[in-house]
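The file protein-v6.cif contains mmCIF, C-alpha atoms and all ligand atoms:
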```
data_target
#
loop_
_atom_site.group_PDB
_atom_site.id
_atom_site.type_symbol
_atom_site.label_atom_id
_atom_site.label_comp_id
_atom_site.auth_asym_id
_atom_site.auth_seq_id
_atom_site.Cartn_x
_atom_site.Cartn_y
_atom_site.Cartn_z
ATOM 1 C CA MET J 1 -173.985 -26.139 48.742
ATOM 2 C CA PRO J 2 -176.767 -28.603 49.412
ATOM 3 C CA ARG J 3 -179.724 -28.565 47.089
ATOM 4 C CA ARG J 4 -181.720 -26.159 49.145
ATOM 5 C CA GLY J 5 -178.784 -23.931 50.001
ATOM 6 C CA ILE J 6 -179.614 -21.374 47.341
ATOM 7 C CA LEU J 7 -182.956 -20.546 48.846
ATOM 8 C CA LYS J 8 -181.531 -20.641 52.338
ATOM 9 C CA LEU J 9 -179.010 -18.037 51.217
ATOM 10 C CA ILE J 10 -181.877 -15.807 50.210
ATOM 11 C CA HIS J 11 -183.177 -16.190 53.744
ATOM 12 C CA LEU J 12 -179.764 -15.216 55.071
ATOM 13 C CA LEU J 13 -179.783 -12.087 52.938
ATOM 14 C CA ALA J 14 -183.302 -11.321 54.065
ATOM 15 C CA LEU J 15 -182.138 -11.712 57.650
ATOM 16 C CA VAL J 16 -179.271 -9.300 57.099
ATOM 17 C CA VAL J 17 -181.675 -6.842 55.518
ATOM 18 C CA CYS J 18 -184.083 -7.163 58.457
ATOM 19 C CA VAL J 19 -181.295 -6.637 60.956
ATOM 20 C CA SER J 20 -180.142 -3.568 59.093
ATOM 21 C CA ALA J 21 -183.641 -2.182 58.825
ATOM 22 C CA VAL J 22 -183.767 -1.658 62.572
ATOM 23 C CA GLY J 23 -181.831 1.540 62.050
ATOM 24 C CA ASP J 24 -180.359 2.124 65.469
ATOM 25 C CA PHE J 25 -177.803 -0.469 66.484
ATOM 26 C CA ASP J 26 -176.954 0.871 69.929
ATOM 27 C CA TRP J 27 -179.162 -1.652 71.684
ATOM 28 C CA THR J 28 -176.985 -4.550 70.528
ATOM 29 C CA ARG J 29 -173.608 -3.009 71.027
ATOM 30 C CA ASN J 30 -172.616 -4.629 74.293
ATOM 31 C CA GLU J 31 -174.413 -7.924 74.018
ATOM 32 C CA LYS J 32 -172.108 -10.887 73.554
ATOM 33 C CA THR J 33 -174.513 -12.755 71.326
ATOM 34 C CA SER J 34 -175.409 -9.827 69.107
ATOM 35 C CA PHE J 35 -174.467 -9.589 65.470
ATOM 36 C CA TYR J 36 -173.233 -6.019 65.640
ATOM 37 C CA TYR J 37 -170.731 -4.984 68.284
ATOM 38 C CA GLY J 38 -167.143 -3.829 68.645
ATOM 39 C CA THR J 39 -165.023 -2.206 65.961
ATOM 40 C CA PHE J 40 -163.052 -3.522 63.010
ATOM 41 C CA PRO J 41 -159.334 -2.899 62.624
ATOM 42 C CA THR J 42 -158.343 -0.227 60.113
ATOM 43 C CA GLY J 43 -158.446 -1.476 56.562
ATOM 44 C CA PHE J 44 -160.898 -4.291 57.283
ATOM 45 C CA LEU J 45 -163.104 -4.982 54.274
ATOM 46 C CA TRP J 46 -166.642 -5.143 55.602
ATOM 47 C CA GLY J 47 -169.117 -6.311 53.040
ATOM 48 C CA ALA J 48 -171.991 -8.465 51.948
ATOM 49 C CA GLY J 49 -172.271 -10.798 48.996
ATOM 50 C CA SER J 50 -175.032 -11.906 46.683
ATOM 51 C CA SER J 51 -175.687 -13.398 43.285
ATOM 52 C CA ALA J 52 -177.897 -12.150 40.475
ATOM 53 C CA TYR J 53 -180.363 -15.034 40.524
ATOM 54 C CA GLN J 54 -180.718 -14.924 44.286
ATOM 55 C CA THR J 55 -181.406 -11.191 44.502
ATOM 56 C CA GLU J 56 -182.516 -9.517 41.274
ATOM 57 C CA GLY J 57 -185.844 -11.115 40.392
ATOM 58 C CA ALA J 58 -187.230 -9.547 37.178
ATOM 59 C CA TRP J 59 -186.390 -12.860 35.526
ATOM 60 C CA ASN J 60 -188.175 -12.020 32.269
ATOM 61 C CA LYS J 61 -188.145 -8.223 32.276
ATOM 62 C CA ASP J 62 -186.575 -5.570 30.037
ATOM 63 C CA GLY J 63 -185.236 -7.994 27.464
ATOM 64 C CA LYS J 64 -183.452 -10.408 29.801
ATOM 65 C CA GLY J 65 -182.924 -13.892 28.359
ATOM 66 C CA MET J 66 -183.599 -17.043 30.353
ATOM 67 C CA SER J 67 -180.885 -18.653 32.400
ATOM 68 C CA ILE J 68 -180.496 -22.332 33.264
ATOM 69 C CA TRP J 69 -181.672 -21.486 36.794
ATOM 70 C CA ASP J 70 -184.893 -19.890 35.548
ATOM 71 C CA VAL J 71 -185.713 -23.068 33.663
ATOM 72 C CA PHE J 72 -184.550 -25.444 36.401
ATOM 73 C CA ALA J 73 -186.469 -23.750 39.220
ATOM 74 C CA HIS J 74 -189.639 -23.732 37.127
ATOM 75 C CA LYS J 75 -189.582 -27.517 36.918
ATOM 76 C CA LYS J 76 -191.756 -28.908 39.705
ATOM 77 C CA GLY J 77 -189.996 -30.859 42.397
ATOM 78 C CA LYS J 78 -186.517 -29.455 41.803
ATOM 79 C CA ILE J 79 -186.546 -26.861 44.584
ATOM 80 C CA SER J 80 -187.992 -27.124 48.068
ATOM 81 C CA SER J 81 -191.675 -26.031 48.055
ATOM 82 C CA ASN J 82 -191.359 -25.496 44.291
ATOM 83 C CA GLU J 83 -189.976 -22.037 44.958
ATOM 84 C CA THR J 84 -188.344 -19.989 42.224
ATOM 85 C CA GLY J 85 -186.181 -16.877 42.027
ATOM 86 C CA ASP J 86 -188.679 -15.140 39.720
ATOM 87 C CA SER J 87 -188.967 -12.166 42.023
ATOM 88 C CA SER J 88 -186.478 -13.158 44.740
ATOM 89 C CA CYS J 89 -185.522 -9.973 46.663
ATOM 90 C CA ASP J 90 -186.659 -7.730 43.779
ATOM 91 C CA GLY J 91 -183.176 -6.252 43.713
ATOM 92 C CA TYR J 92 -183.659 -5.206 40.097
ATOM 93 C CA TYR J 93 -186.186 -2.648 41.323
ATOM 94 C CA LYS J 94 -185.059 -2.096 44.908
ATOM 95 C CA PHE J 95 -181.321 -1.640 44.560
ATOM 96 C CA LYS J 96 -181.560 1.936 45.845
ATOM 97 C CA ASP J 97 -183.204 0.722 49.055
ATOM 98 C CA ASP J 98 -180.650 -2.073 49.324
ATOM 99 C CA ILE J 99 -177.767 0.362 49.021
ATOM 100 C CA SER J 100 -179.180 2.642 51.694
ATOM 101 C CA LEU J 101 -179.422 -0.393 53.978
ATOM 102 C CA MET J 102 -175.796 -1.228 53.173
ATOM 103 C CA LYS J 103 -174.847 2.333 53.986
ATOM 104 C CA GLU J 104 -176.656 2.067 57.288
ATOM 105 C CA MET J 105 -174.686 -1.103 58.075
ATOM 106 C CA LYS J 106 -171.544 0.839 57.186
ATOM 107 C CA LEU J 107 -170.543 -1.719 54.564
ATOM 108 C CA ASN J 108 -167.617 -0.624 52.441
ATOM 109 C CA HIS J 109 -167.718 -3.497 49.942
ATOM 110 C CA TYR J 110 -170.515 -5.224 48.094
ATOM 111 C CA ARG J 111 -170.084 -8.345 46.062
ATOM 112 C CA PHE J 112 -172.706 -9.094 43.419
ATOM 113 C CA SER J 113 -172.819 -11.000 40.161
ATOM 114 C CA ILE J 114 -173.757 -9.967 36.652
ATOM 115 C CA SER J 115 -176.450 -12.039 35.008
ATOM 116 C CA TRP J 116 -175.017 -13.137 31.667
ATOM 117 C CA PRO J 117 -178.450 -13.492 29.993
ATOM 118 C CA ARG J 118 -179.574 -10.097 31.303
ATOM 119 C CA ILE J 119 -176.955 -8.342 29.220
ATOM 120 C CA LEU J 120 -176.575 -10.978 26.477
ATOM 121 C CA PRO J 121 -179.996 -12.634 26.088
ATOM 122 C CA SER J 122 -178.791 -15.196 23.520
ATOM 123 C CA GLY J 123 -175.496 -15.655 25.355
ATOM 124 C CA LEU J 124 -173.495 -14.291 22.440
ATOM 125 C CA LYS J 125 -171.927 -10.859 22.344
ATOM 126 C CA SER J 126 -171.934 -10.960 18.543
ATOM 127 C CA GLU J 127 -175.730 -11.273 18.426
ATOM 128 C CA HIS J 128 -177.399 -8.777 20.738
ATOM 129 C CA ILE J 129 -176.424 -6.581 23.679
ATOM 130 C CA ASN J 130 -179.355 -5.714 25.942
ATOM 131 C CA GLU J 131 -178.710 -2.077 26.828
ATOM 132 C CA LYS J 132 -181.430 -2.073 29.491
ATOM 133 C CA GLY J 133 -179.531 -4.768 31.342
ATOM 134 C CA ILE J 134 -176.294 -2.798 30.978
ATOM 135 C CA LYS J 135 -178.065 0.264 32.369
ATOM 136 C CA TYR J 136 -179.189 -1.644 35.455
ATOM 137 C CA TYR J 137 -175.605 -2.579 36.314
ATOM 138 C CA ASN J 138 -174.347 0.914 35.474
ATOM 139 C CA ASP J 139 -176.878 2.449 37.858
ATOM 140 C CA LEU J 140 -176.058 -0.091 40.562
ATOM 141 C CA ILE J 141 -172.297 0.470 40.263
ATOM 142 C CA ASP J 142 -172.622 4.262 40.174
ATOM 143 C CA LEU J 143 -174.818 4.363 43.244
ATOM 144 C CA LEU J 144 -172.472 2.045 45.159
ATOM 145 C CA LEU J 145 -169.541 4.327 44.333
ATOM 146 C CA ASP J 146 -171.535 7.434 45.282
ATOM 147 C CA ASN J 147 -171.955 5.779 48.677
ATOM 148 C CA THR J 148 -168.256 4.829 48.894
ATOM 149 C CA ILE J 149 -169.054 1.142 48.685
ATOM 150 C CA THR J 150 -166.528 -0.722 46.534
ATOM 151 C CA PRO J 151 -168.145 -3.070 44.024
ATOM 152 C CA VAL J 152 -166.728 -6.602 43.767
ATOM 153 C CA VAL J 153 -168.158 -8.313 40.726
ATOM 154 C CA THR J 154 -168.564 -12.022 40.015
ATOM 155 C CA LEU J 155 -168.904 -12.775 36.315
ATOM 156 C CA TYR J 156 -170.380 -16.244 36.677
ATOM 157 C CA HIS J 157 -172.578 -17.124 39.601
ATOM 158 C CA TRP J 158 -174.244 -20.120 37.937
ATOM 159 C CA ASP J 159 -176.775 -18.455 35.614
ATOM 160 C CA LEU J 160 -175.664 -19.620 32.176
ATOM 161 C CA PRO J 161 -177.900 -18.415 29.337
ATOM 162 C CA GLN J 162 -180.396 -21.217 28.676
ATOM 163 C CA VAL J 163 -179.859 -20.948 24.923
ATOM 164 C CA LEU J 164 -176.215 -21.956 25.317
ATOM 165 C CA GLN J 165 -177.260 -24.982 27.359
ATOM 166 C CA GLU J 166 -179.947 -26.061 24.943
ATOM 167 C CA LYS J 167 -178.070 -25.513 21.707
ATOM 168 C CA TYR J 168 -174.538 -26.485 22.661
ATOM 169 C CA GLY J 169 -174.641 -28.433 25.905
ATOM 170 C CA GLY J 170 -173.453 -25.596 28.152
ATOM 171 C CA TRP J 171 -170.243 -26.279 30.052
ATOM 172 C CA GLN J 172 -169.924 -29.705 28.430
ATOM 173 C CA ASN J 173 -168.902 -27.842 25.283
ATOM 174 C CA GLU J 174 -165.495 -26.239 24.913
ATOM 175 C CA SER J 175 -166.998 -23.356 22.961
ATOM 176 C CA MET J 176 -168.270 -21.943 26.300
ATOM 177 C CA VAL J 177 -164.683 -20.815 26.922
ATOM 178 C CA SER J 178 -164.775 -18.298 24.089
ATOM 179 C CA TYR J 179 -168.407 -17.279 24.680
ATOM 180 C CA PHE J 180 -167.589 -16.626 28.324
ATOM 181 C CA ASN J 181 -164.542 -14.623 27.251
ATOM 182 C CA ASP J 182 -166.708 -12.418 25.042
ATOM 183 C CA PHE J 183 -169.138 -11.872 27.907
ATOM 184 C CA GLY J 184 -166.242 -10.996 30.233
ATOM 185 C CA ASP J 185 -164.794 -8.597 27.665
ATOM 186 C CA LEU J 186 -168.129 -6.836 27.402
ATOM 187 C CA CYS J 187 -168.247 -6.440 31.190
ATOM 188 C CA PHE J 188 -164.726 -5.003 31.260
ATOM 189 C CA GLU J 189 -165.535 -2.640 28.375
ATOM 190 C CA ARG J 190 -168.675 -1.302 29.990
ATOM 191 C CA PHE J 191 -167.915 -1.496 33.708
ATOM 192 C CA GLY J 192 -164.131 -1.830 33.966
ATOM 193 C CA ASN J 193 -163.594 1.927 34.302
ATOM 194 C CA ARG J 194 -165.348 1.755 37.703
ATOM 195 C CA VAL J 195 -165.093 -1.873 38.831
ATOM 196 C CA LYS J 196 -161.586 -2.916 39.875
ATOM 197 C CA HIS J 197 -162.317 -6.188 41.684
ATOM 198 C CA TRP J 198 -163.446 -9.122 39.568
ATOM 199 C CA ILE J 199 -164.167 -12.764 40.346
ATOM 200 C CA THR J 200 -164.545 -15.170 37.434
ATOM 201 C CA PHE J 201 -166.443 -18.187 38.840
ATOM 202 C CA ASN J 202 -168.369 -18.712 42.015
ATOM 203 C CA ASN J 203 -167.941 -22.242 43.336
ATOM 204 C CA PRO J 204 -166.921 -24.152 40.206
ATOM 205 C CA TRP J 205 -167.283 -27.430 42.101
ATOM 206 C CA SER J 206 -171.036 -26.904 42.333
ATOM 207 C CA ILE J 207 -171.255 -25.835 38.698
ATOM 208 C CA SER J 208 -169.478 -28.983 37.540
ATOM 209 C CA VAL J 209 -170.582 -31.670 39.979
ATOM 210 C CA GLU J 210 -174.076 -30.603 40.971
ATOM 211 C CA GLY J 211 -174.898 -29.150 37.557
ATOM 212 C CA TYR J 212 -173.632 -31.915 35.286
ATOM 213 C CA GLU J 213 -172.911 -35.005 37.378
ATOM 214 C CA THR J 214 -175.508 -35.370 40.146
ATOM 215 C CA GLY J 215 -178.095 -33.028 38.641
ATOM 216 C CA GLU J 216 -179.098 -31.387 41.924
ATOM 217 C CA HIS J 217 -178.447 -27.933 40.479
ATOM 218 C CA ALA J 218 -179.203 -26.356 37.102
ATOM 219 C CA PRO J 219 -179.054 -27.565 34.385
ATOM 220 C CA GLY J 220 -179.876 -30.758 36.301
ATOM 221 C CA LEU J 221 -177.932 -33.195 34.118
ATOM 222 C CA LYS J 222 -176.781 -36.580 35.380
ATOM 223 C CA LEU J 223 -173.905 -37.316 33.054
ATOM 224 C CA ARG J 224 -172.327 -39.659 35.513
ATOM 225 C CA GLY J 225 -168.661 -40.337 35.107
ATOM 226 C CA THR J 226 -167.911 -37.588 32.593
ATOM 227 C CA GLY J 227 -170.181 -34.599 33.305
ATOM 228 C CA ALA J 228 -168.200 -33.028 36.103
ATOM 229 C CA TYR J 229 -164.837 -33.599 34.427
ATOM 230 C CA LYS J 230 -165.776 -32.004 31.134
ATOM 231 C CA ALA J 231 -167.396 -29.000 32.813
ATOM 232 C CA ALA J 232 -164.450 -28.518 35.168
ATOM 233 C CA HIS J 233 -161.991 -28.900 32.286
ATOM 234 C CA HIS J 234 -163.654 -26.092 30.342
ATOM 235 C CA ILE J 235 -163.971 -23.851 33.387
ATOM 236 C CA ILE J 236 -160.283 -24.337 34.155
ATOM 237 C CA LYS J 237 -159.466 -23.516 30.523
ATOM 238 C CA VAL J 238 -160.979 -20.076 31.020
ATOM 239 C CA GLY J 239 -158.198 -19.486 33.539
ATOM 240 C CA PHE J 240 -155.616 -19.742 30.776
ATOM 241 C CA THR J 241 -157.253 -17.212 28.502
ATOM 242 C CA GLU J 242 -156.614 -13.561 27.862
ATOM 243 C CA MET J 243 -159.719 -12.613 29.815
ATOM 244 C CA ALA J 244 -158.512 -14.166 33.059
ATOM 245 C CA THR J 245 -155.216 -12.333 32.585
ATOM 246 C CA GLN J 246 -157.206 -9.151 32.272
ATOM 247 C CA VAL J 247 -158.903 -9.902 35.593
ATOM 248 C CA SER J 248 -155.506 -10.003 37.294
ATOM 249 C CA ASP J 249 -154.272 -6.891 35.448
ATOM 250 C CA LEU J 250 -157.300 -4.906 36.507
ATOM 251 C CA ASP J 251 -156.919 -6.026 40.070
ATOM 252 C CA PRO J 252 -153.224 -6.479 40.867
ATOM 253 C CA LYS J 253 -153.750 -6.314 44.646
ATOM 254 C CA VAL J 254 -156.150 -9.216 44.832
ATOM 255 C CA GLY J 255 -154.863 -11.120 41.809
ATOM 256 C CA VAL J 256 -156.887 -13.641 39.898
ATOM 257 C CA ILE J 257 -159.683 -14.809 42.115
ATOM 258 C CA HIS J 258 -160.383 -17.384 39.525
ATOM 259 C CA PHE J 259 -162.395 -19.520 41.877
ATOM 260 C CA GLY J 260 -164.540 -17.193 43.917
ATOM 261 C CA LEU J 261 -165.381 -17.642 47.565
ATOM 262 C CA THR J 262 -162.030 -19.118 48.464
ATOM 263 C CA ASP J 263 -160.574 -15.631 48.661
ATOM 264 C CA ARG J 264 -160.562 -13.230 51.560
ATOM 265 C CA LEU J 265 -163.404 -11.190 50.102
ATOM 266 C CA GLY J 266 -165.781 -14.099 49.924
ATOM 267 C CA CYS J 267 -165.011 -16.656 52.589
ATOM 268 C CA ALA J 268 -166.797 -15.008 55.501
ATOM 269 C CA VAL J 269 -170.007 -14.744 53.540
ATOM 270 C CA ARG J 270 -169.585 -18.294 52.345
ATOM 271 C CA ARG J 271 -169.128 -19.604 55.853
ATOM 272 C CA ALA J 272 -172.170 -17.728 57.056
ATOM 273 C CA ALA J 273 -174.173 -19.182 54.196
ATOM 274 C CA GLN J 274 -172.986 -22.695 54.975
ATOM 275 C CA GLN J 275 -173.853 -22.326 58.626
ATOM 276 C CA THR J 276 -177.278 -21.063 57.707
ATOM 277 C CA SER J 277 -177.900 -23.895 55.301
ATOM 278 C CA GLN J 278 -177.008 -26.413 57.994
ATOM 279 C CA LEU J 279 -179.581 -25.012 60.399
HETATM 280 C C1 LIG E 1 -194.459 -29.218 43.870
HETATM 281 O O1 LIG E 1 -195.058 -29.554 42.634
HETATM 282 C C2 LIG E 1 -195.383 -30.941 42.505
HETATM 283 C C3 LIG E 1 -195.876 -31.192 41.089
HETATM 284 O O2 LIG E 1 -196.903 -30.306 40.736
HETATM 285 C C4 LIG E 1 -196.403 -31.316 43.563
HETATM 286 O O3 LIG E 1 -196.683 -32.704 43.484
HETATM 287 C C5 LIG E 1 -195.838 -30.993 44.927
HETATM 288 O O4 LIG E 1 -196.825 -31.229 45.908
HETATM 289 C C6 LIG E 1 -195.412 -29.531 44.998
HETATM 290 N N1 LIG E 1 -194.780 -29.281 46.279
HETATM 291 C C7 LIG E 1 -195.152 -28.299 47.085
HETATM 292 C C8 LIG E 1 -194.447 -28.240 48.404
HETATM 293 O O5 LIG E 1 -195.995 -27.489 46.781
HETATM 294 C C1 LIG E 2 -170.411 -27.093 20.595
HETATM 295 O O1 LIG E 2 -170.716 -25.760 20.232
HETATM 296 C C2 LIG E 2 -170.562 -25.459 18.864
HETATM 297 C C3 LIG E 2 -170.899 -24.000 18.651
HETATM 298 O O2 LIG E 2 -169.964 -23.202 19.272
HETATM 299 C C4 LIG E 2 -171.472 -26.334 18.021
HETATM 300 O O3 LIG E 2 -171.248 -26.094 16.653
HETATM 301 C C5 LIG E 2 -171.246 -27.794 18.342
HETATM 302 O O4 LIG E 2 -172.190 -28.573 17.673
HETATM 303 C C6 LIG E 2 -171.350 -28.021 19.842
HETATM 304 N N1 LIG E 2 -171.055 -29.407 20.175
HETATM 305 C C7 LIG E 2 -171.939 -30.200 20.739
HETATM 306 C C8 LIG E 2 -171.475 -31.590 21.026
HETATM 307 O O5 LIG E 2 -173.076 -29.830 21.021
#
```
Could you spell out this file's structure in structure tokens?
Ligand SMILES: *[C@@H]1O[C@H](CO)[C@@H](O)[C@H](O)[C@H]1NC(C)=O
Ligand SMILES: *[C@@H]1O[C@H](CO)[C@@H](O)[C@H](O)[C@H]1NC(C)=O
Amino acid sequence: MPRRGILKLIHLLALVVCVSAVGDFDWTRNEKTSFYYGTFPTGFLWGAGSSAYQTEGAWNKDGKGMSIWDVFAHKKGKISSNETGDSSCDGYYKFKDDISLMKEMKLNHYRFSISWPRILPSGLKSEHINEKGIKYYNDLIDLLLDNTITPVVTLYHWDLPQVLQEKYGGWQNESMVSYFNDFGDLCFERFGNRVKHWITFNNPWSISVEGYETGEHAPGLKLRGTGAYKAAHHIIKVGFTEMATQVSDLDPKVGVIHFGLTDRLGCAVRRAAQQTSQL
């Protein structure tokens, strides 16, 4: 995704929300150019996708730790117009409204990501679990299920806890593999009874190349020649761990969607986002 893609994606989500807020879709039904017309075949998974940083806001509320994106976006000149995701779509507070909009759009799937530092502020499961963060995701998942919307959860959509970046070098350090495993285990322990579709990484290319090689994305490092390879190596290593096996056990129909957004649940959203970011 180009540098400004993240904020463009927010605009896309805002657009979807605006469209859905109209309430009565009949007026678009027979227009060729309209977004909403016709019917889906039986069994079609109709959903929307988001990421924690791009939707939640509440970047420093209720015990959440900082992520590499919080720090990166706060540096002047990194993001177009110096924008940040500090409040974003306020999804942390408005998830009930968001779910009623999803219901109105007749979505039956919703893909979102869990913010690692919201539930583990220091990044480490052994240190401190932020129960307020856990409660937010519990409430979100429960309300989705009450509305017969199937949750699809991404574990890592780019927001590494800042502490892990600062202290250990983030994805340059092999120890991220076990820290990420602990975070994943916690998510399975707390949410696995209700969430059956899991995605490990969203767009690992961006994480590795734009995060550690070209520096266009958080954490903004330009470790040319080695940055991307080390990060990618450690991300791939996660795929050979117990946790990734658990992902496939929990979700035998979909299998390991180790690299998110290349699967059938994510590609439509991805394409829409790409088209939007090219506009
Ligand atoms: C972003 O911040 C920098 C540094 O303070 C400033 O020079 C620049 O004009 C700002 N850009 C916008 C679009 O506000
Ligand atoms: C990698 O992380 C470990 C902690 O898990 C730390 O002891 C070590 O110093 C780190 N290595 C580098 C190069 O930062």
Minimum-distance residue to Phe95 in chain J, chosen among J:Tyr137, J:Tyr156, J:Phe188, J:Trp116 (using all atoms listed in the file):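 Smallest separation from Phe95 in chain J among the options: J:Tyr137.
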Answer key for the PyMOL selection byres (((not hetatm)) within 6 of (chain E and resi 2)), residues as an MDAnalysis selection string: chainID J and resid 168:169 173 175
Take the residues from that selection and write them out as a PDB file, keeping the file's coordinate frame, keeping C-alpha atoms.
```
ATOM      1  CA  TYR J 168    -174.538 -26.485  22.661  1.00  0.00           C
ATOM      2  CA  GLY J 169    -174.641 -28.433  25.905  1.00  0.00           C
ATOM      3  CA  ASN J 173    -168.902 -27.842  25.283  1.00  0.00           C
ATOM      4  CA  SER J 175    -166.998 -23.356  22.961  1.00  0.00           C
TER       5      SER J 175
END
```
Find the nearest atom pair between each residue of chain J and ligand LIG 1 (chain E) for residues within 6 Å, count all atoms listed in the file, give distances in Å to one decimal, sort rows by chain and ascending number, and present the table as JSON lines.
```
{"residue": "J:Lys76", "atom": "CA", "partner": "E:LIG1", "partner_atom": "O1", "distance": 4.5}
{"residue": "J:Gly77", "atom": "CA", "partner": "E:LIG1", "partner_atom": "C1", "distance": 5.0}
{"residue": "J:Ser81", "atom": "CA", "partner": "E:LIG1", "partner_atom": "C8", "distance": 3.6}
{"residue": "J:Asn82", "atom": "CA", "partner": "E:LIG1", "partner_atom": "C1", "distance": 4.9}
```
Please evaluate the PyMOL selection byres (((chain J and resi 186) around 12) and not hetatm) against the structure above and give the resulting residues as a PDB file with C-alpha atoms, keeping the file's coordinate frame.
```
ATOM      1  CA  ILE J 114    -173.757  -9.967  36.652  1.00  0.00           C
ATOM      2  CA  TRP J 116    -175.017 -13.137  31.667  1.00  0.00           C
ATOM      3  CA  ILE J 119    -176.955  -8.342  29.220  1.00  0.00           C
ATOM      4  CA  LEU J 120    -176.575 -10.978  26.477  1.00  0.00           C
ATOM      5  CA  GLY J 123    -175.496 -15.655  25.355  1.00  0.00           C
ATOM      6  CA  LEU J 124    -173.495 -14.291  22.440  1.00  0.00           C
ATOM      7  CA  LYS J 125    -171.927 -10.859  22.344  1.00  0.00           C
ATOM      8  CA  SER J 126    -171.934 -10.960  18.543  1.00  0.00           C
ATOM      9  CA  HIS J 128    -177.399  -8.777  20.738  1.00  0.00           C
ATOM     10  CA  ILE J 129    -176.424  -6.581  23.679  1.00  0.00           C
ATOM     11  CA  ASN J 130    -179.355  -5.714  25.942  1.00  0.00           C
ATOM     12  CA  GLU J 131    -178.710  -2.077  26.828  1.00  0.00           C
ATOM     13  CA  ILE J 134    -176.294  -2.798  30.978  1.00  0.00           C
ATOM     14  CA  LEU J 155    -168.904 -12.775  36.315  1.00  0.00           C
ATOM     15  CA  TYR J 179    -168.407 -17.279  24.680  1.00  0.00           C
ATOM     16  CA  PHE J 180    -167.589 -16.626  28.324  1.00  0.00           C
ATOM     17  CA  ASN J 181    -164.542 -14.623  27.251  1.00  0.00           C
ATOM     18  CA  ASP J 182    -166.708 -12.418  25.042  1.00  0.00           C
ATOM     19  CA  PHE J 183    -169.138 -11.872  27.907  1.00  0.00           C
ATOM     20  CA  GLY J 184    -166.242 -10.996  30.233  1.00  0.00           C
ATOM     21  CA  ASP J 185    -164.794  -8.597  27.665  1.00  0.00           C
ATOM     22  CA  CYS J 187    -168.247  -6.440  31.190  1.00  0.00           C
ATOM     23  CA  PHE J 188    -164.726  -5.003  31.260  1.00  0.00           C
ATOM     24  CA  GLU J 189    -165.535  -2.640  28.375  1.00  0.00           C
ATOM     25  CA  ARG J 190    -168.675  -1.302  29.990  1.00  0.00           C
ATOM     26  CA  PHE J 191    -167.915  -1.496  33.708  1.00  0.00           C
ATOM     27  CA  GLY J 192    -164.131  -1.830  33.966  1.00  0.00           C
ATOM     28  CA  MET J 243    -159.719 -12.613  29.815  1.00  0.00           C
TER      29      MET J 243
END
```
CA of Leu223 in chain J to CA of Gly170 in chain J, distance in Å rounded to a single decimal: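 A separation of 12.7 Å between them.
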Atom-to-atom span, CA of Phe201 in chain J and CA of His233 in chain J, Å: 13.3 Å
Å distance separating CA of Gly63 in chain J from CA of Gly220 in chain J, one decimal place: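 These two atoms are separated by 25.0 Å.
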Expected selection from the PyMOL selection byres (((chain J and resi 204) around 10) and not hetatm), given as number ranges by chain: J: 156-158, 200-203, 205-211, 228, 231-232, 235-236, 258-261
Keeping only C-alpha atoms, write the selected residues as an mmCIF file, keeping the file's coordinate frame.
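Final output, saved to part-v5.cif:
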```cif
data_model
loop_
_atom_site.group_PDB
_atom_site.id
_atom_site.type_symbol
_atom_site.label_atom_id
_atom_site.label_comp_id
_atom_site.auth_asym_id
_atom_site.auth_seq_id
_atom_site.Cartn_x
_atom_site.Cartn_y
_atom_site.Cartn_z
ATOM 1 C CA TYR J 156 -170.380 -16.244 36.677
ATOM 2 C CA HIS J 157 -172.578 -17.124 39.601
ATOM 3 C CA TRP J 158 -174.244 -20.120 37.937
ATOM 4 C CA THR J 200 -164.545 -15.170 37.434
ATOM 5 C CA PHE J 201 -166.443 -18.187 38.840
ATOM 6 C CA ASN J 202 -168.369 -18.712 42.015
ATOM 7 C CA ASN J 203 -167.941 -22.242 43.336
ATOM 8 C CA TRP J 205 -167.283 -27.430 42.101
ATOM 9 C CA SER J 206 -171.036 -26.904 42.333
ATOM 10 C CA ILE J 207 -171.255 -25.835 38.698
ATOM 11 C CA SER J 208 -169.478 -28.983 37.540
ATOM 12 C CA VAL J 209 -170.582 -31.670 39.979
ATOM 13 C CA GLU J 210 -174.076 -30.603 40.971
ATOM 14 C CA GLY J 211 -174.898 -29.150 37.557
ATOM 15 C CA ALA J 228 -168.200 -33.028 36.103
ATOM 16 C CA ALA J 231 -167.396 -29.000 32.813
ATOM 17 C CA ALA J 232 -164.450 -28.518 35.168
ATOM 18 C CA ILE J 235 -163.971 -23.851 33.387
ATOM 19 C CA ILE J 236 -160.283 -24.337 34.155
ATOM 20 C CA HIS J 258 -160.383 -17.384 39.525
ATOM 21 C CA PHE J 259 -162.395 -19.520 41.877
ATOM 22 C CA GLY J 260 -164.540 -17.193 43.917
ATOM 23 C CA LEU J 261 -165.381 -17.642 47.565
#
```
As lines of an AutoDock Vina configuration file, please: the centre and edge lengths in Å, to one decimal, of an axis-aligned box enclosing every listed atom of range 237-242 of chain J with 8 Å added on each side.
```
center_x = -158.3
center_y = -18.5
center_z = 30.7
size_x = 21.4
size_y = 26.0
size_z = 21.7
```
Val71 in chain J surroundings by only C-alpha atoms, 12 Å radius, close-in-sequence under 4 positions cut, as a VMD selection string: chain J and resid 53 59 to 60 65 to 67 75 to 76 78 to 79 84 to 86 159 to 163 165 to 166 217 to 220
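Residue nearest Gly57 in chain J within the list J:Gly43, J:Gly91, J:Gly215, J:Gly38: J:Gly91 [criterion: smallest interatomic distance, all atoms listed in the file].
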Polymer residues at most 8 Å from (-175.0, -11.7, 43.6) by only C-alpha atoms, as a PyMOL selection string: chain J and resi 49-55+111-114+154+157
Nearest to Tyr92 in chain J, chosen from J:Tyr110, J:Phe72, J:Tyr212, J:Tyr136, with all atoms listed in the file counted in the distances: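 Nearest to Tyr92 in chain J: J:Tyr136.
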